[in-house]
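Participant: File name entry_26.tsv; file contents TSV, C-alpha atoms and all ligand atoms; full text below.
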```tsv
chain	number	residue	atom	x	y	z
A	1	MET	CA	16.12	-8.75	-19.52
A	2	GLN	CA	12.65	-9.31	-20.85
A	3	ASP	CA	13.53	-8.64	-24.48
A	4	GLU	CA	13.12	-12.25	-25.56
A	5	ALA	CA	9.53	-12.12	-24.45
A	6	ASP	CA	8.83	-8.98	-26.43
A	7	LEU	CA	8.23	-10.50	-29.84
A	8	GLY	CA	8.26	-7.00	-31.22
A	9	LYS	CA	5.37	-5.77	-29.08
A	10	THR	CA	5.64	-2.41	-27.36
A	11	ALA	CA	5.52	-2.99	-23.64
A	12	ALA	CA	2.33	-1.69	-22.06
A	13	LEU	CA	4.43	-0.69	-19.07
A	14	ASN	CA	8.20	-0.37	-18.93
A	15	VAL	CA	9.89	0.47	-15.65
A	16	VAL	CA	13.55	1.40	-16.10
A	17	SER	CA	16.07	1.63	-13.25
A	18	MET	CA	13.51	3.22	-10.97
A	19	VAL	CA	14.53	4.54	-7.55
A	20	ALA	CA	11.85	5.73	-5.11
A	21	GLY	CA	11.18	6.13	-1.43
A	22	TYR	CA	9.94	8.55	1.17
A	23	GLY	CA	11.55	11.93	1.72
A	24	GLU	CA	15.23	11.57	0.94
A	25	VAL	CA	15.35	7.87	1.75
A	26	PRO	CA	15.37	5.48	-1.20
A	27	ILE	CA	13.41	2.28	-0.53
A	28	VAL	CA	13.28	0.68	-3.96
A	29	GLN	CA	16.45	0.88	-6.01
A	30	ASP	CA	17.27	0.16	-9.63
A	31	VAL	CA	13.99	-1.60	-10.30
A	32	SER	CA	13.38	-2.56	-13.94
A	33	PHE	CA	10.75	-4.76	-15.59
A	34	LYS	CA	8.17	-4.72	-18.37
A	35	VAL	CA	4.54	-5.67	-18.64
A	36	LEU	CA	3.37	-6.66	-22.12
A	37	PRO	CA	-0.27	-6.30	-23.20
A	38	GLY	CA	-2.31	-9.16	-21.75
A	39	GLN	CA	0.57	-10.37	-19.61
A	40	ILE	CA	0.43	-11.03	-15.88
A	41	VAL	CA	3.63	-9.88	-14.17
A	42	GLY	CA	4.01	-10.78	-10.53
A	43	VAL	CA	6.15	-9.08	-7.93
A	44	VAL	CA	6.70	-11.19	-4.86
A	45	GLY	CA	8.87	-10.65	-1.84
A	46	PRO	CA	8.88	-10.53	1.93
A	47	ASN	CA	6.93	-8.06	4.01
A	48	GLY	CA	8.68	-4.69	3.96
A	49	ALA	CA	10.62	-5.47	0.76
A	50	GLY	CA	9.22	-2.33	-0.91
A	51	LYS	CA	6.52	-3.88	-3.09
A	52	SER	CA	3.84	-1.29	-2.28
A	53	THR	CA	6.40	1.53	-2.50
A	54	CYS	CA	7.34	0.33	-5.98
A	55	LEU	CA	3.70	0.37	-7.12
A	56	LYS	CA	3.03	3.78	-5.55
A	57	ALA	CA	5.98	5.23	-7.44
A	58	ILE	CA	4.85	3.67	-10.73
A	59	VAL	CA	1.34	5.13	-10.41
A	60	GLY	CA	2.64	8.54	-9.29
A	61	ILE	CA	1.47	8.54	-5.68
A	62	ILE	CA	5.05	9.14	-4.58
A	63	PRO	CA	7.70	10.74	-6.82
A	64	LYS	CA	10.44	8.79	-8.54
A	65	MET	CA	13.93	9.83	-7.40
A	66	SER	CA	15.49	8.55	-10.63
A	67	GLY	CA	14.85	6.19	-13.49
A	68	SER	CA	11.82	6.27	-15.72
A	69	VAL	CA	8.44	4.74	-16.45
A	70	LEU	CA	7.11	4.34	-19.99
A	71	PHE	CA	3.46	3.69	-20.75
A	72	GLU	CA	2.96	2.23	-24.24
A	73	GLY	CA	6.32	3.71	-25.17
A	74	GLU	CA	5.56	7.20	-23.85
A	75	ASP	CA	7.64	8.60	-21.01
A	76	VAL	CA	5.20	9.12	-18.12
A	77	THR	CA	7.79	9.40	-15.35
A	78	ARG	CA	6.45	12.76	-14.18
A	79	VAL	CA	2.77	12.29	-15.03
A	80	SER	CA	0.38	12.57	-12.06
A	81	THR	CA	-1.78	9.69	-10.85
A	82	GLU	CA	-4.84	11.35	-12.35
A	83	GLY	CA	-3.00	11.84	-15.65
A	84	LEU	CA	-1.98	8.18	-15.69
A	85	VAL	CA	-5.56	7.08	-15.04
A	86	ARG	CA	-6.68	9.17	-18.01
A	87	LYS	CA	-4.00	7.58	-20.18
A	88	GLY	CA	-5.14	4.08	-19.26
A	89	MET	CA	-3.25	2.96	-16.18
A	90	GLY	CA	-5.52	1.79	-13.36
A	91	TYR	CA	-4.45	1.16	-9.77
A	92	VAL	CA	-6.25	-0.91	-7.16
A	93	PRO	CA	-4.73	-0.27	-3.72
A	94	GLN	CA	-4.36	-2.96	-1.11
A	95	LEU	CA	-7.19	-1.67	1.05
A	96	ASN	CA	-10.47	-2.19	-0.70
A	97	ASP	CA	-11.69	1.03	-2.20
A	98	VAL	CA	-15.23	-0.27	-2.45
A	99	PHE	CA	-17.92	1.87	-0.87
A	100	GLY	CA	-19.84	-0.40	1.46
A	101	PRO	CA	-23.15	1.46	1.69
A	102	LEU	CA	-23.43	1.74	-2.10
A	103	SER	CA	-24.68	-0.94	-4.46
A	104	VAL	CA	-22.40	-2.81	-6.83
A	105	LEU	CA	-23.77	-0.76	-9.73
A	106	GLU	CA	-23.20	2.53	-7.92
A	107	ASN	CA	-19.63	1.50	-7.16
A	108	LEU	CA	-19.04	0.72	-10.83
A	109	LEU	CA	-20.58	4.02	-11.92
A	110	MET	CA	-18.22	5.87	-9.59
A	111	GLY	CA	-15.38	4.19	-11.44
A	112	GLY	CA	-16.67	5.78	-14.64
A	113	TYR	CA	-16.57	9.31	-13.26
A	114	LEU	CA	-14.53	10.61	-16.20
A	115	LEU	CA	-16.93	9.29	-18.82
A	116	GLY	CA	-19.93	10.74	-20.60
A	117	ARG	CA	-23.30	9.04	-20.31
A	118	LYS	CA	-22.99	7.01	-23.51
A	119	GLU	CA	-19.46	5.92	-22.68
A	120	VAL	CA	-20.55	4.82	-19.21
A	121	LYS	CA	-23.06	2.45	-20.73
A	122	LEU	CA	-20.45	0.95	-23.05
A	123	ALA	CA	-17.91	0.68	-20.25
A	124	LEU	CA	-20.44	-1.00	-17.98
A	125	ASN	CA	-21.23	-3.53	-20.68
A	126	SER	CA	-17.58	-4.35	-21.18
A	127	VAL	CA	-17.09	-4.79	-17.42
A	128	PHE	CA	-20.11	-7.13	-17.33
A	129	GLU	CA	-18.61	-9.10	-20.20
A	130	ILE	CA	-15.46	-9.67	-18.18
A	131	PHE	CA	-17.29	-10.24	-14.88
A	132	PRO	CA	-20.86	-11.42	-15.60
A	133	ARG	CA	-21.38	-11.97	-11.86
A	134	LEU	CA	-21.23	-8.22	-11.33
A	135	GLU	CA	-24.30	-7.74	-13.48
A	136	GLU	CA	-26.20	-10.34	-11.46
A	137	MET	CA	-25.15	-8.62	-8.23
A	138	SER	CA	-25.76	-5.06	-9.50
A	139	ASP	CA	-28.40	-4.13	-6.92
A	140	ARG	CA	-26.69	-5.69	-3.93
A	141	SER	CA	-25.12	-3.50	-1.31
A	142	ALA	CA	-21.34	-3.88	-1.33
A	143	ASN	CA	-21.54	-4.38	2.45
A	144	LYS	CA	-23.31	-7.68	1.91
A	145	LEU	CA	-20.63	-9.17	-0.33
A	146	SER	CA	-17.87	-11.61	0.52
A	147	GLY	CA	-14.26	-10.38	0.46
A	148	GLY	CA	-13.67	-12.03	-2.91
A	149	GLN	CA	-16.80	-10.46	-4.38
A	150	ARG	CA	-15.76	-7.05	-3.07
A	151	LYS	CA	-12.40	-7.45	-4.79
A	152	MET	CA	-14.25	-8.23	-8.01
A	153	VAL	CA	-16.18	-4.95	-7.56
A	154	ALA	CA	-12.90	-3.08	-7.00
A	155	LEU	CA	-11.46	-4.62	-10.19
A	156	GLY	CA	-14.67	-3.84	-12.08
A	157	ARG	CA	-14.54	-0.27	-10.86
A	158	ALA	CA	-10.97	0.11	-12.12
A	159	LEU	CA	-12.01	-1.45	-15.45
A	160	MET	CA	-14.66	1.22	-16.05
A	161	LEU	CA	-12.04	3.54	-17.54
A	162	ARG	CA	-10.86	0.75	-19.86
A	163	PRO	CA	-7.29	0.61	-18.65
A	164	ARG	CA	-4.66	-1.17	-20.74
A	165	VAL	CA	-2.60	-1.70	-17.60
A	166	LEU	CA	-3.92	-2.52	-14.14
A	167	VAL	CA	-1.67	-2.31	-11.10
A	168	LEU	CA	-2.89	-4.42	-8.17
A	169	ASP	CA	-1.43	-4.25	-4.68
A	170	GLU	CA	-1.97	-7.51	-2.78
A	171	PRO	CA	-5.46	-8.21	-4.08
A	172	THR	CA	-5.76	-11.15	-1.68
A	173	ALA	CA	-4.90	-9.25	1.52
A	174	ASN	CA	-7.28	-10.24	4.32
A	175	LEU	CA	-8.91	-12.93	2.18
A	176	SER	CA	-9.25	-16.60	3.09
A	177	PRO	CA	-7.09	-19.10	1.13
A	178	GLU	CA	-10.16	-20.14	-0.91
A	179	MET	CA	-11.06	-16.53	-1.77
A	180	SER	CA	-7.43	-15.74	-2.57
A	181	GLU	CA	-7.42	-18.54	-5.08
A	182	VAL	CA	-10.59	-17.21	-6.72
A	183	VAL	CA	-9.05	-13.75	-7.05
A	184	LEU	CA	-5.69	-14.90	-8.44
A	185	HIS	CA	-6.80	-17.91	-10.46
A	186	GLU	CA	-10.12	-16.63	-11.82
A	187	GLN	CA	-10.43	-12.87	-11.57
A	188	VAL	CA	-6.90	-11.81	-12.55
A	189	PRO	CA	-6.77	-14.15	-15.60
A	190	ARG	CA	-10.05	-12.59	-16.81
A	191	LEU	CA	-8.29	-9.22	-16.86
A	192	SER	CA	-5.39	-10.51	-18.90
A	193	ALA	CA	-7.71	-12.45	-21.22
A	194	ALA	CA	-9.36	-9.09	-21.95
A	195	GLY	CA	-5.96	-7.80	-23.08
A	196	VAL	CA	-5.12	-5.84	-19.96
A	197	GLY	CA	-1.49	-5.97	-18.82
A	198	VAL	CA	-1.63	-6.83	-15.12
A	199	LEU	CA	1.07	-5.95	-12.62
A	200	VAL	CA	0.30	-7.67	-9.34
A	201	VAL	CA	2.12	-7.67	-6.05
A	202	GLU	CA	1.59	-10.54	-3.61
A	203	GLN	CA	2.94	-12.05	-0.47
A	204	LYS	CA	1.16	-15.30	-1.35
A	205	ALA	CA	3.94	-16.14	-3.77
A	206	ASP	CA	2.90	-19.73	-4.45
A	207	LEU	CA	-0.57	-18.66	-5.60
A	208	LEU	CA	0.70	-15.81	-7.73
A	209	LEU	CA	3.47	-17.81	-9.35
A	210	SER	CA	0.95	-20.29	-10.70
A	211	VAL	CA	-0.68	-17.58	-12.85
A	212	ALA	CA	2.02	-15.01	-13.61
A	213	ASN	CA	3.77	-15.13	-16.99
A	214	TRP	CA	6.75	-13.24	-15.66
A	215	SER	CA	7.87	-12.81	-12.06
A	216	CYS	CA	10.15	-10.52	-10.14
A	217	VAL	CA	11.40	-11.24	-6.65
A	218	LEU	CA	11.92	-8.05	-4.68
A	219	VAL	CA	14.21	-8.31	-1.66
A	220	ALA	CA	15.23	-5.28	0.42
A	221	GLY	CA	14.11	-2.90	-2.34
A	222	ARG	CA	16.05	-4.55	-5.15
A	223	ILE	CA	15.05	-7.04	-7.81
A	224	ALA	CA	16.79	-10.29	-6.87
A	225	VAL	CA	15.41	-12.19	-9.87
A	226	SER	CA	13.35	-11.23	-12.89
A	227	ALA	CA	12.47	-14.18	-15.11
A	228	PRO	CA	9.71	-16.09	-16.87
A	229	THR	CA	7.81	-17.72	-14.02
A	230	ALA	CA	8.40	-21.24	-15.36
A	231	GLU	CA	12.14	-20.58	-15.28
A	232	LEU	CA	12.00	-19.10	-11.80
A	233	ARG	CA	10.22	-22.13	-10.42
A	234	GLN	CA	12.99	-24.42	-11.73
A	235	ARG	CA	15.78	-22.62	-9.95
A	236	SER	CA	17.40	-24.69	-7.27
A	237	ASP	CA	17.63	-21.65	-4.99
A	238	PHE	CA	13.92	-20.90	-5.50
A	239	THR	CA	12.97	-21.54	-1.91
A	240	ASP	CA	15.82	-19.44	-0.54
A	241	LEU	CA	14.88	-16.61	-2.85
A	242	MET	CA	11.25	-16.79	-1.87
A	243	LEU	CA	12.02	-16.99	1.80
A	244	GLY	CA	13.97	-13.78	1.42
A	245	GLY	CA	14.75	-14.01	5.10
A	246	SER	CA	11.19	-14.19	6.42
A	247	GLY	CA	9.25	-17.04	4.90
A	248	VAL	CA	7.30	-15.39	2.15
A	249	VAL	CA	5.89	-18.56	0.61
A	250	SER	CA	2.59	-19.01	2.37
A	251	GLY	CA	2.03	-22.41	3.87
A	252	ASN	CA	5.70	-23.20	3.59
A	253	SER	CA	6.94	-22.22	7.01
A	254	SER	CA	8.39	-25.66	7.67
A	255	VAL	CA	10.85	-25.38	4.79
A	256	SER	CA	14.35	-24.75	6.04
A	257	SER	CA	16.56	-22.50	3.99
A	258	SER	CA	19.87	-23.89	5.25
B	1	LIG	N1	4.73	6.33	4.14
B	1	LIG	C1	5.93	5.86	4.46
B	1	LIG	N2	6.88	6.66	4.97
B	1	LIG	C2	8.12	6.19	5.29
B	1	LIG	N3	8.48	4.90	5.14
B	1	LIG	C3	7.58	4.04	4.63
B	1	LIG	C4	6.25	4.46	4.28
B	1	LIG	N4	5.58	3.38	3.79
B	1	LIG	C5	6.44	2.35	3.85
B	1	LIG	N5	7.64	2.74	4.36
B	1	LIG	C6	8.81	1.88	4.56
B	1	LIG	O1	9.21	1.39	3.29
B	1	LIG	C7	9.65	0.03	3.41
B	1	LIG	C8	8.92	-0.80	2.38
B	1	LIG	O2	7.53	-0.80	2.68
B	1	LIG	P1	6.45	-1.35	1.68
B	1	LIG	O3	6.70	-0.79	0.32
B	1	LIG	O4	5.12	-1.09	2.27
B	1	LIG	O5	6.78	-2.92	1.67
B	1	LIG	P2	5.89	-4.16	1.19
B	1	LIG	O6	4.72	-3.65	0.43
B	1	LIG	O7	6.84	-4.98	0.37
B	1	LIG	O8	5.49	-4.90	2.41
B	1	LIG	C9	9.40	-0.39	4.84
B	1	LIG	O9	10.64	-0.31	5.51
B	1	LIG	C10	8.44	0.64	5.36
B	1	LIG	O10	8.65	0.87	6.73
B	2	MG	MG	2.65	-3.82	0.69
```
Using structure tokens, write down the structure that the file contains.
Ligand SMILES: Nc1ncnc2c1ncn2[C@@H]1O[C@H](COP(=O)(O)OP(=O)(O)O)[C@@H](O)[C@H]1O
Ligand SMILES: [Mg+2]
Facilitator:
Amino acid sequence: MQDEADLGKTAALNVVSMVAGYGEVPIVQDVSFKVLPGQIVGVVGPNGAGKSTCLKAIVGIIPKMSGSVLFEGEDVTRVSTEGLVRKGMGYVPQLNDVFGPLSVLENLLMGGYLLGRKEVKLALNSVFEIFPRLEEMSDRSANKLSGGQRKMVALGRALMLRPRVLVLDEPTANLSPEMSEVVLHEQVPRLSAAGVGVLVVEQKADLLLSVANWSCVLVAGRIAVSAPTAELRQRSDFTDLMLGGSGVVSGNSSVSSS
């Protein structure tokens, strides 16, 4: 239950008893959580738990078998990915969707493909307000950037359509520990500070849990815990939950879960 955290606000994103999978096979089952405007909600869990499947179902890449998804109170369960993007739900997949041969600016402009010329200019300015570094790097080829900088370009690209919710699948995949920290402790908070509700999936649970307001632990396709992050961290079975059978807390492999 996230109702206590609501304070009367309409959730930006409300996932209710969602079931989804591939073909006839359900992978995620009875998944429910909310993302409030400006909130960072983390989903952590072991490899293969169904985190990416959950996000793909939310953003309409795969169909939902049952349950529903509300965007700012509107039922968008059957809305296509493209339709969701137009409504204000952005998705940044795990694999970087940055075009290497293009410049940073060209990548950002591609993100504004739905906008008119005037709107593009405004959108670009608002992206540069959130990530001033992108303006400084505008002319650089994306190929020449570090992994962390490329992720910033991917986030900037998704921001071009001024989403109120951004869904991020393992934004630190393939990044060094230092870069991962930059992404989760600097870049993601800039999104939420701009009022965007951020739903982020991570295997690097320790890093994510230090920035998320609310966290869900997904184990074998089901939500094992959904709680304010501060509360989750206090639980005596925290380590067991996080280990979920396969040591999901990075840098914690020596912890025994007896
Ligand atoms: N395209 C697919 N078709 C069939 N099964 C899939 C597909 N993608 C993932 N799966 C299965 O769904 C389960 C959850 O995968 P995934 O959502 O990628 O987990 P996570 O992101 O938590 O690592 C795994 O058992 C995986 O094999
Ligand atoms: Mg995944």
Participant: Quick one: residues within 12 Å of A:Met179, all atoms listed in the file counted, chain neighbours fewer than 4 positions away excluded, as a PDB file with C-alpha atoms, keeping the file's coordinate frame?
Facilitator:
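So around-v7.pdb came out as:
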```pdb
ATOM      1  CA  SER A 146     -17.870 -11.610   0.520  1.00  0.00           C
ATOM      2  CA  GLY A 147     -14.260 -10.380   0.460  1.00  0.00           C
ATOM      3  CA  GLY A 148     -13.670 -12.030  -2.910  1.00  0.00           C
ATOM      4  CA  GLN A 149     -16.800 -10.460  -4.380  1.00  0.00           C
ATOM      5  CA  ARG A 150     -15.760  -7.050  -3.070  1.00  0.00           C
ATOM      6  CA  LYS A 151     -12.400  -7.450  -4.790  1.00  0.00           C
ATOM      7  CA  MET A 152     -14.250  -8.230  -8.010  1.00  0.00           C
ATOM      8  CA  PRO A 171      -5.460  -8.210  -4.080  1.00  0.00           C
ATOM      9  CA  THR A 172      -5.760 -11.150  -1.680  1.00  0.00           C
ATOM     10  CA  ALA A 173      -4.900  -9.250   1.520  1.00  0.00           C
ATOM     11  CA  ASN A 174      -7.280 -10.240   4.320  1.00  0.00           C
ATOM     12  CA  LEU A 175      -8.910 -12.930   2.180  1.00  0.00           C
ATOM     13  CA  VAL A 183      -9.050 -13.750  -7.050  1.00  0.00           C
ATOM     14  CA  LEU A 184      -5.690 -14.900  -8.440  1.00  0.00           C
ATOM     15  CA  HIS A 185      -6.800 -17.910 -10.460  1.00  0.00           C
ATOM     16  CA  GLU A 186     -10.120 -16.630 -11.820  1.00  0.00           C
ATOM     17  CA  GLN A 187     -10.430 -12.870 -11.570  1.00  0.00           C
ATOM     18  CA  LEU A 207      -0.570 -18.660  -5.600  1.00  0.00           C
TER      19      LEU A 207
END
```
Participant: Find the spatial neighbours of A:Ala57, counting all atoms listed in the file, within a cut-off of 12 Å - ignore same-chain residues fewer than 5 positions away - and output them as JSON, numbers by chain.
Facilitator: {"A": [15, 18, 19, 20, 21, 22, 26, 27, 28, 29, 31, 50, 51, 52, 62, 63, 64, 65, 66, 67, 68, 69, 76, 77, 78, 79, 80, 81, 84, 91, 167]}
Participant: Just to be explicit: take each residue in the selection above, keep C-alpha atoms, and write the result as a CSV table (one decimal), in the frame of the given file.
Facilitator:
```
chain,number,residue,atom,x,y,z
A,15,VAL,CA,9.9,0.5,-15.6
A,18,MET,CA,13.5,3.2,-11.0
A,19,VAL,CA,14.5,4.5,-7.6
A,20,ALA,CA,11.8,5.7,-5.1
A,21,GLY,CA,11.2,6.1,-1.4
A,22,TYR,CA,9.9,8.6,1.2
A,26,PRO,CA,15.4,5.5,-1.2
A,27,ILE,CA,13.4,2.3,-0.5
A,28,VAL,CA,13.3,0.7,-4.0
A,29,GLN,CA,16.4,0.9,-6.0
A,31,VAL,CA,14.0,-1.6,-10.3
A,50,GLY,CA,9.2,-2.3,-0.9
A,51,LYS,CA,6.5,-3.9,-3.1
A,52,SER,CA,3.8,-1.3,-2.3
A,62,ILE,CA,5.0,9.1,-4.6
A,63,PRO,CA,7.7,10.7,-6.8
A,64,LYS,CA,10.4,8.8,-8.5
A,65,MET,CA,13.9,9.8,-7.4
A,66,SER,CA,15.5,8.6,-10.6
A,67,GLY,CA,14.8,6.2,-13.5
A,68,SER,CA,11.8,6.3,-15.7
A,69,VAL,CA,8.4,4.7,-16.4
A,76,VAL,CA,5.2,9.1,-18.1
A,77,THR,CA,7.8,9.4,-15.4
A,78,ARG,CA,6.4,12.8,-14.2
A,79,VAL,CA,2.8,12.3,-15.0
A,80,SER,CA,0.4,12.6,-12.1
A,81,THR,CA,-1.8,9.7,-10.8
A,84,LEU,CA,-2.0,8.2,-15.7
A,91,TYR,CA,-4.4,1.2,-9.8
A,167,VAL,CA,-1.7,-2.3,-11.1
```
Participant: What lies within 12 Å of stretch 105-109 of chain A using all atoms listed in the file, ignoring chain neighbours under 5 positions off, as a short mmCIF file (atom, residue, chain, number, x, y, z; two decimals) with C-alpha atoms, in the frame of the given file?
Facilitator:
```
data_model
loop_
_atom_site.label_atom_id
_atom_site.label_comp_id
_atom_site.auth_asym_id
_atom_site.auth_seq_id
_atom_site.Cartn_x
_atom_site.Cartn_y
_atom_site.Cartn_z
CA ASN A 96 -10.47 -2.19 -0.70
CA ASP A 97 -11.69 1.03 -2.20
CA VAL A 98 -15.23 -0.27 -2.45
CA PHE A 99 -17.92 1.87 -0.87
CA GLY A 100 -19.84 -0.40 1.46
CA LEU A 114 -14.53 10.61 -16.20
CA LEU A 115 -16.93 9.29 -18.82
CA GLY A 116 -19.93 10.74 -20.60
CA ARG A 117 -23.30 9.04 -20.31
CA GLU A 119 -19.46 5.92 -22.68
CA VAL A 120 -20.55 4.82 -19.21
CA LYS A 121 -23.06 2.45 -20.73
CA LEU A 122 -20.45 0.95 -23.05
CA ALA A 123 -17.91 0.68 -20.25
CA LEU A 124 -20.44 -1.00 -17.98
CA ASN A 125 -21.23 -3.53 -20.68
CA SER A 126 -17.58 -4.35 -21.18
CA VAL A 127 -17.09 -4.79 -17.42
CA PHE A 128 -20.11 -7.13 -17.33
CA PHE A 131 -17.29 -10.24 -14.88
CA ARG A 133 -21.38 -11.97 -11.86
CA LEU A 134 -21.23 -8.22 -11.33
CA GLU A 135 -24.30 -7.74 -13.48
CA GLU A 136 -26.20 -10.34 -11.46
CA MET A 137 -25.15 -8.62 -8.23
CA SER A 138 -25.76 -5.06 -9.50
CA ASP A 139 -28.40 -4.13 -6.92
CA ARG A 140 -26.69 -5.69 -3.93
CA SER A 141 -25.12 -3.50 -1.31
CA ALA A 142 -21.34 -3.88 -1.33
CA ASN A 143 -21.54 -4.38 2.45
CA ARG A 150 -15.76 -7.05 -3.07
CA LYS A 151 -12.40 -7.45 -4.79
CA MET A 152 -14.25 -8.23 -8.01
CA VAL A 153 -16.18 -4.95 -7.56
CA ALA A 154 -12.90 -3.08 -7.00
CA LEU A 155 -11.46 -4.62 -10.19
CA GLY A 156 -14.67 -3.84 -12.08
CA ARG A 157 -14.54 -0.27 -10.86
CA ALA A 158 -10.97 0.11 -12.12
CA LEU A 159 -12.01 -1.45 -15.45
CA MET A 160 -14.66 1.22 -16.05
CA LEU A 161 -12.04 3.54 -17.54
#
```
Participant: Using all atoms listed in the file, which protein or nucleic acid residues are at most 9 Å from ligand MG 2 (chain B), as a list of chain:residue names?
Facilitator: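 Residues lying within 9 Å of ligand MG 2 (chain B): A:Asn47, A:Gly48, A:Ala49, A:Gly50, A:Lys51, A:Ser52, A:Thr53, A:Leu55, A:Gln94, A:Asp169, A:Glu170, A:Val201, A:Glu202, A:Gln203.
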Participant: Name the residues, using the chain letters and numbers of the file, that sit within 12 Å of (8.7, -12.4, -10.9) when counting all atoms listed in the file, and give them as a ChimeraX atom specification.
Facilitator: /A:1-2,32-35,40-45,51,199-203,205-206,208-219,223-233,238,241-242
Participant: Can I get the selection written as an mmCIF file, in the coordinates of the input, with C-alpha atoms?
Facilitator:
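File selection_29.cif, as written:
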```cif
data_model
loop_
_atom_site.group_PDB
_atom_site.id
_atom_site.type_symbol
_atom_site.label_atom_id
_atom_site.label_comp_id
_atom_site.auth_asym_id
_atom_site.auth_seq_id
_atom_site.Cartn_x
_atom_site.Cartn_y
_atom_site.Cartn_z
ATOM 1 C CA MET A 1 16.120 -8.750 -19.520
ATOM 2 C CA GLN A 2 12.650 -9.310 -20.850
ATOM 3 C CA SER A 32 13.380 -2.560 -13.940
ATOM 4 C CA PHE A 33 10.750 -4.760 -15.590
ATOM 5 C CA LYS A 34 8.170 -4.720 -18.370
ATOM 6 C CA VAL A 35 4.540 -5.670 -18.640
ATOM 7 C CA ILE A 40 0.430 -11.030 -15.880
ATOM 8 C CA VAL A 41 3.630 -9.880 -14.170
ATOM 9 C CA GLY A 42 4.010 -10.780 -10.530
ATOM 10 C CA VAL A 43 6.150 -9.080 -7.930
ATOM 11 C CA VAL A 44 6.700 -11.190 -4.860
ATOM 12 C CA GLY A 45 8.870 -10.650 -1.840
ATOM 13 C CA LYS A 51 6.520 -3.880 -3.090
ATOM 14 C CA LEU A 199 1.070 -5.950 -12.620
ATOM 15 C CA VAL A 200 0.300 -7.670 -9.340
ATOM 16 C CA VAL A 201 2.120 -7.670 -6.050
ATOM 17 C CA GLU A 202 1.590 -10.540 -3.610
ATOM 18 C CA GLN A 203 2.940 -12.050 -0.470
ATOM 19 C CA ALA A 205 3.940 -16.140 -3.770
ATOM 20 C CA ASP A 206 2.900 -19.730 -4.450
ATOM 21 C CA LEU A 208 0.700 -15.810 -7.730
ATOM 22 C CA LEU A 209 3.470 -17.810 -9.350
ATOM 23 C CA SER A 210 0.950 -20.290 -10.700
ATOM 24 C CA VAL A 211 -0.680 -17.580 -12.850
ATOM 25 C CA ALA A 212 2.020 -15.010 -13.610
ATOM 26 C CA ASN A 213 3.770 -15.130 -16.990
ATOM 27 C CA TRP A 214 6.750 -13.240 -15.660
ATOM 28 C CA SER A 215 7.870 -12.810 -12.060
ATOM 29 C CA CYS A 216 10.150 -10.520 -10.140
ATOM 30 C CA VAL A 217 11.400 -11.240 -6.650
ATOM 31 C CA LEU A 218 11.920 -8.050 -4.680
ATOM 32 C CA VAL A 219 14.210 -8.310 -1.660
ATOM 33 C CA ILE A 223 15.050 -7.040 -7.810
ATOM 34 C CA ALA A 224 16.790 -10.290 -6.870
ATOM 35 C CA VAL A 225 15.410 -12.190 -9.870
ATOM 36 C CA SER A 226 13.350 -11.230 -12.890
ATOM 37 C CA ALA A 227 12.470 -14.180 -15.110
ATOM 38 C CA PRO A 228 9.710 -16.090 -16.870
ATOM 39 C CA THR A 229 7.810 -17.720 -14.020
ATOM 40 C CA ALA A 230 8.400 -21.240 -15.360
ATOM 41 C CA GLU A 231 12.140 -20.580 -15.280
ATOM 42 C CA LEU A 232 12.000 -19.100 -11.800
ATOM 43 C CA ARG A 233 10.220 -22.130 -10.420
ATOM 44 C CA PHE A 238 13.920 -20.900 -5.500
ATOM 45 C CA LEU A 241 14.880 -16.610 -2.850
ATOM 46 C CA MET A 242 11.250 -16.790 -1.870
#
```
Participant: Residues proximal to (2.5, -8.6, -21.4) were defined as those with any atom within 10 Å of that point in the file's coordinates, counting all atoms listed in the file. Which are they, as a PyMOL selection string?
Facilitator: chain A and resi 5-6+9-13+34-41+165+192+195-199+213-214
Participant: Have a look at A:Val188, A:Val85, A:Val25, A:Val92 and name the one nearest to ligand LIG 1 (chain B); count only C-alpha atoms and all ligand atoms.
Facilitator: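 Of A:Val188, A:Val85, A:Val25, A:Val92, the one nearest ligand LIG 1 (chain B), counting only C-alpha atoms and all ligand atoms, is A:Val25.
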Participant: Rounded to one decimal in Å, what is the spacing between atom CA of A:Pro189 and atom CA of A:Pro163?
Facilitator: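 Computing the Euclidean distance for atom CA of A:Pro189 and atom CA of A:Pro163 yields 15.1 Å.
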Participant: Atom CA of A:Gly221 to atom N5 of ligand LIG 1 (chain B): how many Å, to one decimal?
Facilitator: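 Value for the atom CA of A:Gly221-atom N5 of ligand LIG 1 (chain B) distance: 10.9 Å.
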